[in-house]
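K.L.:
Take this structure, written in structure tokens, and hold onto it; I'll ask about it next.
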Amino acid sequence: MLIDGHGRKVNYLRISVTERCNFRCQYCMPEKPFSWVPRENLLSFEELFSFVRVAIDEGVDKIRITGGEPLLREDLDRFIQMIHDHKPDIDLALTTNGYLLANVAERLKDAGLKRINISIDTLKPDVAAKIAQKDVLSKVLEGVEKALEVGLKVKVNMVPLKGINEDEIIDVMEYAKARGMTIRYIEYMENVHAKNGLQGLNGKEILAKVKEKYTIQKVGREGSSPAFHYLTDDGYKFGLIDPHKHDFCESCNRIRLTAEGFLIPCLYFDEAMSIRDAVKAGNIEAASEILREVLRNKPEKNRWSEENAEESTRAFYETGG
Ligand SMILES: Nc1nc2c(ncn2[C@@H]2O[C@H](COP(=O)(O)OP(=O)(O)OP(=O)(O)O)[C@@H](O)[C@H]2O)c(=O)[nH]1
Ligand SMILES: C[S@@+](CC[C@H](N)C(=O)[O-])C[C@H]1O[C@@H](n2cnc3c(N)ncnc32)[C@H](O)[C@@H]1O
Ligand code: SF4
Ligand code: SF4
């Protein structure tokens with residue numbers, strides 16, 4: 001079992017398979033980074049899997065593939081198949097912007113993927129083009145329909161932003177509800193890579209918008225999801241991911257691995273340790289020891305709610321969110 005320095009059980013591994021992306025979301029990477037990690041620096045699926053196997057044997061029972069945009073990594077279904085074949089009952093999920101999903105949803109499902117979380121911040125094509133800085137909406141929605149059609153369980157992630165999509169909180173919920181998908185509203189997490197001046201709605205403001213139409217009651221946190229769930233008076237369950245709240249990190253159960261082989265203990269901080277050399281040398285024991293060291297030093301909580309805290313410099317597109 002993996003336990004961190006604060007006594008929390010860690011059973012959730014998030015793997016960012018690439019930091020590249022075909023969108024330029026204002027809250028994530030509004031300007032193309034001047035240098036991408038060269039492809040040859042990426043760990044291969046075989047190398048990533050050699051670590052994944054150890055993590056699973058140590059107690060990880062939930063794995064999420066993310067990015068950047070994970071569907072930009074060629075043959076992702078091959079990696080999914082490797083994980084699935086090793087442990088078919090693992091909670092194996094993907095987070096994607098959905099743009100390339102329609103063509104590959106079936107292959108991913110057949111390879112063993114169980115769930116997909118798709119980022120949908122708006123249902124208006126012009127607003128989507130403003131947020132992602134590219135005309136993306138129709139292909140994203142096509143991806144959603146295809147994922148549902150092939151039988152994947154789909155959740156929607158929405159980041160409500162002041163003056164941009166805050167008027168669509170109910171509309172996006174109703175779009176998700178009509179298709180049997182859970183929506184989770186995510187508080188915008190300030191960081192230096194995002195566009196200057198961007199402002200998110202906090203959890204309270206998001207709930208106030210929902211309450212303009214629905215009466216809601218608290219349900220709580222479920223399983224190992226970071227979302228706190230609520231129920232509307234017509235029986236629809238939705239989630240709120242509110243990392244500015246001080247109890248958010250109390251039940252943190254996750255660790256992140258990047259495509260280059262960095263193990264990242266927390267989404268907020270820059271600290272990371274590389275398992276790259278160990279994995280390349282086939283020295284899995286050394287990789288396992290690095291994992292334990294990262295867990296021993298995992299921060300207790302983020303600093304998003306601290307008034308004088310400096311903005312986070314950790315890029316979401318590197319960690320996979
Ligand atoms: N601050 C913080 N945010 C997180 C953490 N894990 C996920 N998030 C954010 O929550 C949002 C949704 O994440 P997803 O990739 O959909 O994964 P998830 O919420 O763990 O997925 P489920 O297992 O379906 O609940 C993203 O914006 C993430 O950045 C975390 O440990 N800390
Ligand atoms: C970094 S993306 C990677 C996966 C994929 N490209 C996508 O957009 O779903 C993962 C999640 O992080 C969220 N995200 C990115 N930057 C964020 C920020 N500054 N604050 C809150 N959420 C953010 C996105 O909305 C997305 O749901
Ligand atoms: S949030 Fe996802 S889709 Fe948007 S720029 Fe970041 S990695 Fe790309
Ligand atoms: S902000 Fe850091 S400590 Fe808090 S839940 Fe996320 S990864 Fe865990």
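By convention here, the chains of the structure tokens are called A, B, ... in the order presented, each chain's residues are numbered starting at 1, and ligands are numbered starting at 1 in the order presented.
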If we count only C-alpha atoms, what is near Pro38 in chain A at a cut-off of 12 Å, once residues fewer than 2 positions away on the same chain are taken out, given as a list in words?
P.N.:
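The residues that qualify are Thr18, Glu19, Arg20, Phe34, Ser35, Trp36, Glu40, Asn41, Leu42, Leu43, Ala259 and Glu260 of chain A.
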K.L.:
Write the residues of the selection above to a file with N, CA and C atoms, as a JSON list (two decimals), in the first residue's frame.
P.N.:
[["chain", "number", "residue", "atom", "x", "y", "z"],
["A", 18, "THR", "N", 1.56, 13.34, -22.91],
["A", 18, "THR", "CA", 2.21, 14.37, -23.73],
["A", 18, "THR", "C", 1.84, 15.73, -23.18],
["A", 19, "GLU", "N", 2.73, 16.71, -23.34],
["A", 19, "GLU", "CA", 2.35, 18.06, -22.93],
["A", 19, "GLU", "C", 1.84, 18.86, -24.13],
["A", 20, "ARG", "N", 1.93, 18.27, -25.31],
["A", 20, "ARG", "CA", 1.45, 18.97, -26.51],
["A", 20, "ARG", "C", -0.06, 19.07, -26.51],
["A", 34, "PHE", "N", 7.38, 28.11, -26.19],
["A", 34, "PHE", "CA", 8.34, 28.26, -27.29],
["A", 34, "PHE", "C", 9.08, 26.97, -27.58],
["A", 35, "SER", "N", 9.16, 26.08, -26.60],
["A", 35, "SER", "CA", 9.81, 24.81, -26.93],
["A", 35, "SER", "C", 9.04, 23.66, -26.32],
["A", 36, "TRP", "N", 8.61, 22.75, -27.18],
["A", 36, "TRP", "CA", 8.02, 21.51, -26.69],
["A", 36, "TRP", "C", 9.14, 20.58, -26.28],
["A", 40, "GLU", "N", 11.90, 12.62, -28.56],
["A", 40, "GLU", "CA", 12.81, 11.56, -28.08],
["A", 40, "GLU", "C", 12.98, 11.59, -26.56],
["A", 41, "ASN", "N", 12.56, 12.69, -25.91],
["A", 41, "ASN", "CA", 12.64, 12.74, -24.44],
["A", 41, "ASN", "C", 11.48, 12.04, -23.75],
["A", 42, "LEU", "N", 10.46, 11.72, -24.55],
["A", 42, "LEU", "CA", 9.29, 11.07, -23.95],
["A", 42, "LEU", "C", 9.60, 9.62, -23.63],
["A", 43, "LEU", "N", 9.05, 9.14, -22.54],
["A", 43, "LEU", "CA", 9.17, 7.71, -22.26],
["A", 43, "LEU", "C", 8.22, 6.97, -23.21],
["A", 259, "ALA", "N", 5.07, 12.58, -19.13],
["A", 259, "ALA", "CA", 5.58, 11.83, -20.28],
["A", 259, "ALA", "C", 7.11, 11.73, -20.27],
["A", 260, "GLU", "N", 7.75, 12.69, -19.61],
["A", 260, "GLU", "CA", 9.22, 12.65, -19.53],
["A", 260, "GLU", "C", 9.72, 11.82, -18.36]]
K.L.:
Distance limit 6 Å, reference ligand 2, atoms considered: only C-alpha atoms and all ligand atoms. Which residues make the cut? Give them as an mmCIF file with C-alpha atoms, in the first residue's frame.
P.N.:
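Written output follows (out26.cif):
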data_model
loop_
_atom_site.group_PDB
_atom_site.id
_atom_site.type_symbol
_atom_site.label_atom_id
_atom_site.label_comp_id
_atom_site.auth_asym_id
_atom_site.auth_seq_id
_atom_site.Cartn_x
_atom_site.Cartn_y
_atom_site.Cartn_z
ATOM 1 C CA TYR A 27 -6.722 29.134 -18.543
ATOM 2 C CA CYS A 28 -4.060 26.585 -19.470
ATOM 3 C CA THR A 66 -4.285 12.874 -19.551
ATOM 4 C CA GLY A 67 -2.040 15.521 -21.123
ATOM 5 C CA GLY A 68 -1.691 18.116 -22.834
ATOM 6 C CA GLU A 69 -4.072 16.429 -25.214
ATOM 7 C CA THR A 95 -9.344 13.165 -19.743
ATOM 8 C CA THR A 96 -9.548 14.801 -23.165
ATOM 9 C CA ASN A 97 -10.674 17.938 -24.921
ATOM 10 C CA ILE A 118 -14.412 15.664 -21.585
ATOM 11 C CA SER A 119 -13.838 19.382 -21.124
ATOM 12 C CA ASN A 157 -15.652 19.186 -16.959
ATOM 13 C CA VAL A 159 -14.345 25.786 -15.809
ATOM 14 C CA ILE A 186 -14.036 23.255 -11.681
ATOM 15 C CA GLU A 187 -12.807 26.367 -9.930
ATOM 16 C CA TYR A 188 -10.290 28.151 -12.111
ATOM 17 C CA MET A 189 -6.862 27.581 -10.535
ATOM 18 C CA GLU A 190 -4.698 30.647 -10.932
ATOM 19 C CA PHE A 316 -1.439 22.215 -16.110
ATOM 20 C CA TYR A 317 -0.484 21.019 -19.576
ATOM 21 C CA GLY A 320 -2.308 16.784 -16.964
ATOM 22 C CA GLY A 321 -4.375 18.810 -14.521
#
K.L.:
Considering only C-alpha atoms, state which residue in the set A:Pro70, A:Asn11, A:Ser44, A:Asn253 is at the smallest distance from Glu58 in chain A.
P.N.:
A:Asn11
K.L.:
Report as an MDAnalysis selection string all protein, DNA and RNA residues lying within 9 Å of Ile56 in chain A, evaluated on only C-alpha atoms, omitting residues in the same chain fewer than 4 positions from it.
P.N.:
chainID A and resid 11 51:52 60:62 86:87 90
K.L.:
Please produce a file of the residues just selected, as a PDB file, in the first residue's frame, where the atoms kept are N, CA and C atoms.
P.N.:
ATOM      1  N   ASN A  11      -3.849   5.912  -4.123  1.00  0.00           N
ATOM      2  CA  ASN A  11      -4.270   4.795  -4.978  1.00  0.00           C
ATOM      3  C   ASN A  11      -4.594   5.251  -6.409  1.00  0.00           C
ATOM      4  N   PHE A  51       6.647   1.195 -15.113  1.00  0.00           N
ATOM      5  CA  PHE A  51       6.389   1.861 -13.829  1.00  0.00           C
ATOM      6  C   PHE A  51       4.944   1.634 -13.377  1.00  0.00           C
ATOM      7  N   VAL A  52       4.030   1.702 -14.335  1.00  0.00           N
ATOM      8  CA  VAL A  52       2.610   1.519 -14.010  1.00  0.00           C
ATOM      9  C   VAL A  52       2.392   0.167 -13.315  1.00  0.00           C
ATOM     10  N   VAL A  60      -2.123   0.923  -6.485  1.00  0.00           N
ATOM     11  CA  VAL A  60      -2.876   1.868  -7.325  1.00  0.00           C
ATOM     12  C   VAL A  60      -4.008   1.109  -8.029  1.00  0.00           C
ATOM     13  N   ASP A  61      -5.241   1.598  -7.863  1.00  0.00           N
ATOM     14  CA  ASP A  61      -6.365   0.914  -8.518  1.00  0.00           C
ATOM     15  C   ASP A  61      -7.165   1.853  -9.414  1.00  0.00           C
ATOM     16  N   LYS A  62      -6.609   3.050  -9.634  1.00  0.00           N
ATOM     17  CA  LYS A  62      -7.275   3.995 -10.533  1.00  0.00           C
ATOM     18  C   LYS A  62      -6.198   4.707 -11.346  1.00  0.00           C
ATOM     19  N   HIS A  86      -2.977  -6.092 -17.865  1.00  0.00           N
ATOM     20  CA  HIS A  86      -2.320  -6.381 -16.580  1.00  0.00           C
ATOM     21  C   HIS A  86      -3.334  -6.453 -15.445  1.00  0.00           C
ATOM     22  N   LYS A  87      -4.339  -5.574 -15.489  1.00  0.00           N
ATOM     23  CA  LYS A  87      -5.349  -5.554 -14.415  1.00  0.00           C
ATOM     24  C   LYS A  87      -6.698  -5.101 -14.973  1.00  0.00           C
ATOM     25  N   ILE A  90      -9.130  -2.571 -13.220  1.00  0.00           N
ATOM     26  CA  ILE A  90      -8.686  -1.244 -12.781  1.00  0.00           C
ATOM     27  C   ILE A  90      -9.630  -0.154 -13.313  1.00  0.00           C
TER      28      ILE A  90
END
K.L.:
Name the residues of range 127-178 of chain A that fall into alpha helix (DSSP H) according to DSSP on the backbone, using the chain letters and numbers of this document, as an mmCIF file with C-alpha atoms, in the first residue's frame.
P.N.:
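Resulting contents of selection-v7.cif:
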data_model
loop_
_atom_site.group_PDB
_atom_site.id
_atom_site.type_symbol
_atom_site.label_atom_id
_atom_site.label_comp_id
_atom_site.auth_asym_id
_atom_site.auth_seq_id
_atom_site.Cartn_x
_atom_site.Cartn_y
_atom_site.Cartn_z
ATOM 1 C CA VAL A 127 -17.221 31.256 -26.991
ATOM 2 C CA ALA A 128 -15.512 27.891 -27.491
ATOM 3 C CA ALA A 129 -13.341 29.486 -30.174
ATOM 4 C CA LYS A 130 -12.506 32.297 -27.776
ATOM 5 C CA ILE A 131 -11.533 29.995 -24.916
ATOM 6 C CA ALA A 132 -9.594 27.423 -26.974
ATOM 7 C CA LEU A 137 -17.033 23.023 -30.680
ATOM 8 C CA SER A 138 -18.651 20.893 -33.396
ATOM 9 C CA LYS A 139 -15.864 18.302 -33.342
ATOM 10 C CA VAL A 140 -15.883 18.163 -29.538
ATOM 11 C CA LEU A 141 -19.638 17.543 -29.461
ATOM 12 C CA GLU A 142 -19.252 14.897 -32.162
ATOM 13 C CA GLY A 143 -16.670 13.228 -29.909
ATOM 14 C CA VAL A 144 -19.108 13.230 -26.994
ATOM 15 C CA GLU A 145 -21.847 11.562 -29.032
ATOM 16 C CA LYS A 146 -19.485 8.892 -30.318
ATOM 17 C CA ALA A 147 -18.117 8.124 -26.843
ATOM 18 C CA LEU A 148 -21.662 7.652 -25.549
ATOM 19 C CA GLU A 149 -22.602 5.578 -28.576
ATOM 20 C CA ILE A 169 -23.634 27.047 -16.093
ATOM 21 C CA ILE A 170 -27.205 25.758 -16.316
ATOM 22 C CA ASP A 171 -27.153 25.196 -20.093
ATOM 23 C CA VAL A 172 -24.073 22.971 -19.976
ATOM 24 C CA MET A 173 -25.567 21.101 -17.012
ATOM 25 C CA GLU A 174 -28.748 20.455 -18.964
ATOM 26 C CA TYR A 175 -26.800 19.327 -22.014
ATOM 27 C CA ALA A 176 -24.966 16.805 -19.788
ATOM 28 C CA LYS A 177 -28.106 15.753 -17.948
ATOM 29 C CA ALA A 178 -29.978 15.050 -21.199
#
K.L.:
Which one is closest to ligand 1: A:Leu295, A:Ile164, A:Ala93, A:Leu123? Count only C-alpha atoms and all ligand atoms.
P.N.:
A:Ala93
K.L.:
Please provide as a list in words all residues within 8 Å of Tyr185 in chain A, with the sequence filter that same-chain residues fewer than 2 positions apart are discarded (counting only C-alpha atoms).
P.N.:
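The residues satisfying every condition are Asn157, Met158, Val159, Pro160, Ile183, Glu187, Ile206, Gly239, Leu240 and Ile241 of chain A.
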K.L.:
Restricting the output to N, CA and C atoms, write the selected residues as a short mmCIF file (atom, residue, chain, number, x, y, z; two decimals), in the first residue's frame.
P.N.:
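The new file selection.cif reads:
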data_model
loop_
_atom_site.label_atom_id
_atom_site.label_comp_id
_atom_site.auth_asym_id
_atom_site.auth_seq_id
_atom_site.Cartn_x
_atom_site.Cartn_y
_atom_site.Cartn_z
N ASN A 157 -16.36 18.22 -17.81
CA ASN A 157 -15.65 19.19 -16.96
C ASN A 157 -15.87 20.58 -17.51
N MET A 158 -16.29 21.51 -16.65
CA MET A 158 -16.48 22.91 -17.09
C MET A 158 -15.78 23.84 -16.11
N VAL A 159 -15.00 24.77 -16.64
CA VAL A 159 -14.34 25.79 -15.81
C VAL A 159 -15.10 27.11 -16.02
N PRO A 160 -15.95 27.52 -15.10
CA PRO A 160 -16.70 28.77 -15.27
C PRO A 160 -15.82 30.01 -15.07
N ILE A 183 -21.92 16.37 -14.75
CA ILE A 183 -21.06 17.54 -14.96
C ILE A 183 -20.34 17.88 -13.66
N GLU A 187 -13.28 25.00 -10.20
CA GLU A 187 -12.81 26.37 -9.93
C GLU A 187 -11.55 26.61 -10.75
N ILE A 206 -20.59 29.56 -8.22
CA ILE A 206 -21.08 28.56 -9.17
C ILE A 206 -22.40 27.98 -8.65
N GLY A 239 -21.10 17.65 -9.74
CA GLY A 239 -19.96 17.79 -8.85
C GLY A 239 -19.34 19.19 -8.89
N LEU A 240 -18.63 19.50 -7.83
CA LEU A 240 -17.89 20.76 -7.75
C LEU A 240 -16.47 20.43 -7.31
N ILE A 241 -15.51 20.88 -8.09
CA ILE A 241 -14.10 20.67 -7.74
C ILE A 241 -13.57 22.02 -7.28
#
K.L.:
One decimal, in Å: what's the spacing between CA of Pro125 in chain A and CA of Asn165 in chain A?
P.N.:
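CA of Pro125 in chain A sits 11.6 Å away from CA of Asn165 in chain A.
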K.L.:
7 Å from ligand 4 is the threshold here; counting only C-alpha atoms and all ligand atoms, which polymer residues fall inside it? Answer as an NGL selection string.
P.N.:
:A and (243 or 248-249 or 252-255 or 265-268 or 299-302)
K.L.:
Kindly indicate which residue among A:Ala102, A:Leu72, A:Leu291, A:Ile216 lies nearest to ligand 3, using only C-alpha atoms and all ligand atoms for the distances.
P.N.:
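Among the listed residues, the smallest separation from ligand 3 belongs to A:Leu72.
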K.L.:
Assign secondary structure with DSSP using the backbone only, and return the residues of range 26-139 of chain A in strand (DSSP E) as a list in words.
P.N.:
Lys62, Ile63, Arg64, Ile65, Thr66, Asp91, Leu92, Ala93, Leu94, Thr95, Thr96, Arg115, Ile116, Asn117, Ile118 and Ser119 of chain A
K.L.:
Output N, CA and C atoms for every residue in that selection, as a JSON list (two decimals), in the first residue's frame.
P.N.:
[["chain", "number", "residue", "atom", "x", "y", "z"],
["A", 62, "LYS", "N", -6.61, 3.05, -9.63],
["A", 62, "LYS", "CA", -7.28, 4.00, -10.53],
["A", 62, "LYS", "C", -6.20, 4.71, -11.35],
["A", 63, "ILE", "N", -6.33, 4.67, -12.66],
["A", 63, "ILE", "CA", -5.34, 5.31, -13.53],
["A", 63, "ILE", "C", -6.07, 6.20, -14.52],
["A", 64, "ARG", "N", -5.58, 7.41, -14.65],
["A", 64, "ARG", "CA", -6.16, 8.34, -15.62],
["A", 64, "ARG", "C", -5.09, 8.77, -16.60],
["A", 65, "ILE", "N", -5.40, 8.69, -17.88],
["A", 65, "ILE", "CA", -4.49, 9.16, -18.92],
["A", 65, "ILE", "C", -4.92, 10.58, -19.27],
["A", 66, "THR", "N", -3.95, 11.49, -19.27],
["A", 66, "THR", "CA", -4.28, 12.87, -19.55],
["A", 66, "THR", "C", -3.13, 13.51, -20.32],
["A", 91, "ASP", "N", -9.81, 0.90, -12.53],
["A", 91, "ASP", "CA", -10.61, 2.05, -12.97],
["A", 91, "ASP", "C", -9.73, 2.84, -13.95],
["A", 92, "LEU", "N", -9.96, 2.61, -15.24],
["A", 92, "LEU", "CA", -9.07, 3.16, -16.27],
["A", 92, "LEU", "C", -9.81, 4.24, -17.05],
["A", 93, "ALA", "N", -9.32, 5.48, -16.94],
["A", 93, "ALA", "CA", -10.06, 6.62, -17.48],
["A", 93, "ALA", "C", -9.15, 7.54, -18.29],
["A", 94, "LEU", "N", -9.79, 8.43, -19.05],
["A", 94, "LEU", "CA", -9.07, 9.38, -19.91],
["A", 94, "LEU", "C", -9.68, 10.76, -19.73],
["A", 95, "THR", "N", -8.84, 11.79, -19.71],
["A", 95, "THR", "CA", -9.34, 13.17, -19.74],
["A", 95, "THR", "C", -8.90, 13.78, -21.06],
["A", 96, "THR", "N", -9.86, 14.31, -21.82],
["A", 96, "THR", "CA", -9.55, 14.80, -23.16],
["A", 96, "THR", "C", -10.37, 16.04, -23.49],
["A", 115, "ARG", "N", -13.84, 4.90, -18.82],
["A", 115, "ARG", "CA", -14.50, 6.20, -18.63],
["A", 115, "ARG", "C", -13.74, 7.31, -19.35],
["A", 116, "ILE", "N", -14.47, 8.37, -19.72],
["A", 116, "ILE", "CA", -13.84, 9.54, -20.33],
["A", 116, "ILE", "C", -14.39, 10.80, -19.67],
["A", 117, "ASN", "N", -13.53, 11.72, -19.31],
["A", 117, "ASN", "CA", -13.96, 13.04, -18.88],
["A", 117, "ASN", "C", -13.61, 14.03, -19.99],
["A", 118, "ILE", "N", -14.62, 14.76, -20.45],
["A", 118, "ILE", "CA", -14.41, 15.66, -21.58],
["A", 118, "ILE", "C", -14.63, 17.10, -21.13],
["A", 119, "SER", "N", -13.73, 17.98, -21.53],
["A", 119, "SER", "CA", -13.84, 19.38, -21.12],
["A", 119, "SER", "C", -14.78, 20.12, -22.06]]
K.L.:
I need the residue nearest Glu293 in chain A from this list: A:Val192, A:Ile120, A:Leu161, A:Leu2. Use only C-alpha atoms for the distance.
P.N.:
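Ranked by minimum distance to Glu293 in chain A, first place goes to A:Leu2.
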K.L.:
For a test of reading the model, state the distance in Å between atom 4 (Fe, counted along the ligand's line) of ligand 3 and CA of Val17 in chain A, rounded to one decimal.
P.N.:
14.7 Å
K.L.:
Can you work out which one of A:Glu74, A:Asp277, A:Glu168, A:Glu311 has the shortest atom-to-atom distance to Val104 in chain A, counting only C-alpha atoms?
P.N.:
A:Glu74
K.L.:
For Gly151 in chain A, which residue among A:Lys109, A:Asp121, A:Asn196, A:Leu100 is the nearest when counting only C-alpha atoms?
P.N.:
A:Lys109
K.L.:
Would you list the contacts of range 227-231 of chain A as a PyMOL selection string, taking every protein, DNA or RNA residue within 6 Å and counting only C-alpha atoms, but skipping same-chain residues closer than 2 positions in sequence?
P.N.:
chain A and resi 216-221+225+235-241
K.L.:
Please produce a file of the residues just selected, as a short mmCIF file (atom, residue, chain, number, x, y, z; two decimals), in the first residue's frame, where the atoms kept are N, CA and C atoms.
P.N.:
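Result file result_23.cif:
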data_model
loop_
_atom_site.label_atom_id
_atom_site.label_comp_id
_atom_site.auth_asym_id
_atom_site.auth_seq_id
_atom_site.Cartn_x
_atom_site.Cartn_y
_atom_site.Cartn_z
N ILE A 216 -30.87 22.66 -4.35
CA ILE A 216 -29.86 21.59 -4.33
C ILE A 216 -29.58 21.14 -2.90
N GLN A 217 -29.17 19.88 -2.79
CA GLN A 217 -28.74 19.40 -1.47
C GLN A 217 -27.38 18.74 -1.59
N LYS A 218 -26.62 18.77 -0.47
CA LYS A 218 -25.27 18.19 -0.49
C LYS A 218 -25.33 16.68 -0.48
N VAL A 219 -24.43 16.06 -1.24
CA VAL A 219 -24.31 14.60 -1.20
C VAL A 219 -22.98 14.22 -0.54
N GLY A 220 -21.88 14.83 -1.03
CA GLY A 220 -20.57 14.55 -0.42
C GLY A 220 -19.55 14.10 -1.45
N ARG A 221 -18.37 13.75 -0.97
CA ARG A 221 -17.34 13.21 -1.86
C ARG A 221 -17.60 11.73 -2.06
N SER A 225 -12.82 10.48 -6.21
CA SER A 225 -12.95 11.66 -7.06
C SER A 225 -12.67 12.93 -6.26
N GLY A 235 -33.37 15.39 -9.14
CA GLY A 235 -32.65 14.13 -9.01
C GLY A 235 -31.38 14.00 -9.82
N TYR A 236 -30.84 15.13 -10.28
CA TYR A 236 -29.59 15.06 -11.07
C TYR A 236 -28.38 15.35 -10.16
N LYS A 237 -27.38 14.47 -10.26
CA LYS A 237 -26.19 14.65 -9.42
C LYS A 237 -25.07 15.34 -10.20
N PHE A 238 -24.53 16.40 -9.63
CA PHE A 238 -23.40 17.07 -10.28
C PHE A 238 -22.29 17.30 -9.25
N GLY A 239 -21.10 17.65 -9.74
CA GLY A 239 -19.96 17.79 -8.85
C GLY A 239 -19.34 19.19 -8.89
N LEU A 240 -18.63 19.50 -7.83
CA LEU A 240 -17.89 20.76 -7.75
C LEU A 240 -16.47 20.43 -7.31
N ILE A 241 -15.51 20.88 -8.09
CA ILE A 241 -14.10 20.67 -7.74
C ILE A 241 -13.57 22.02 -7.28
#
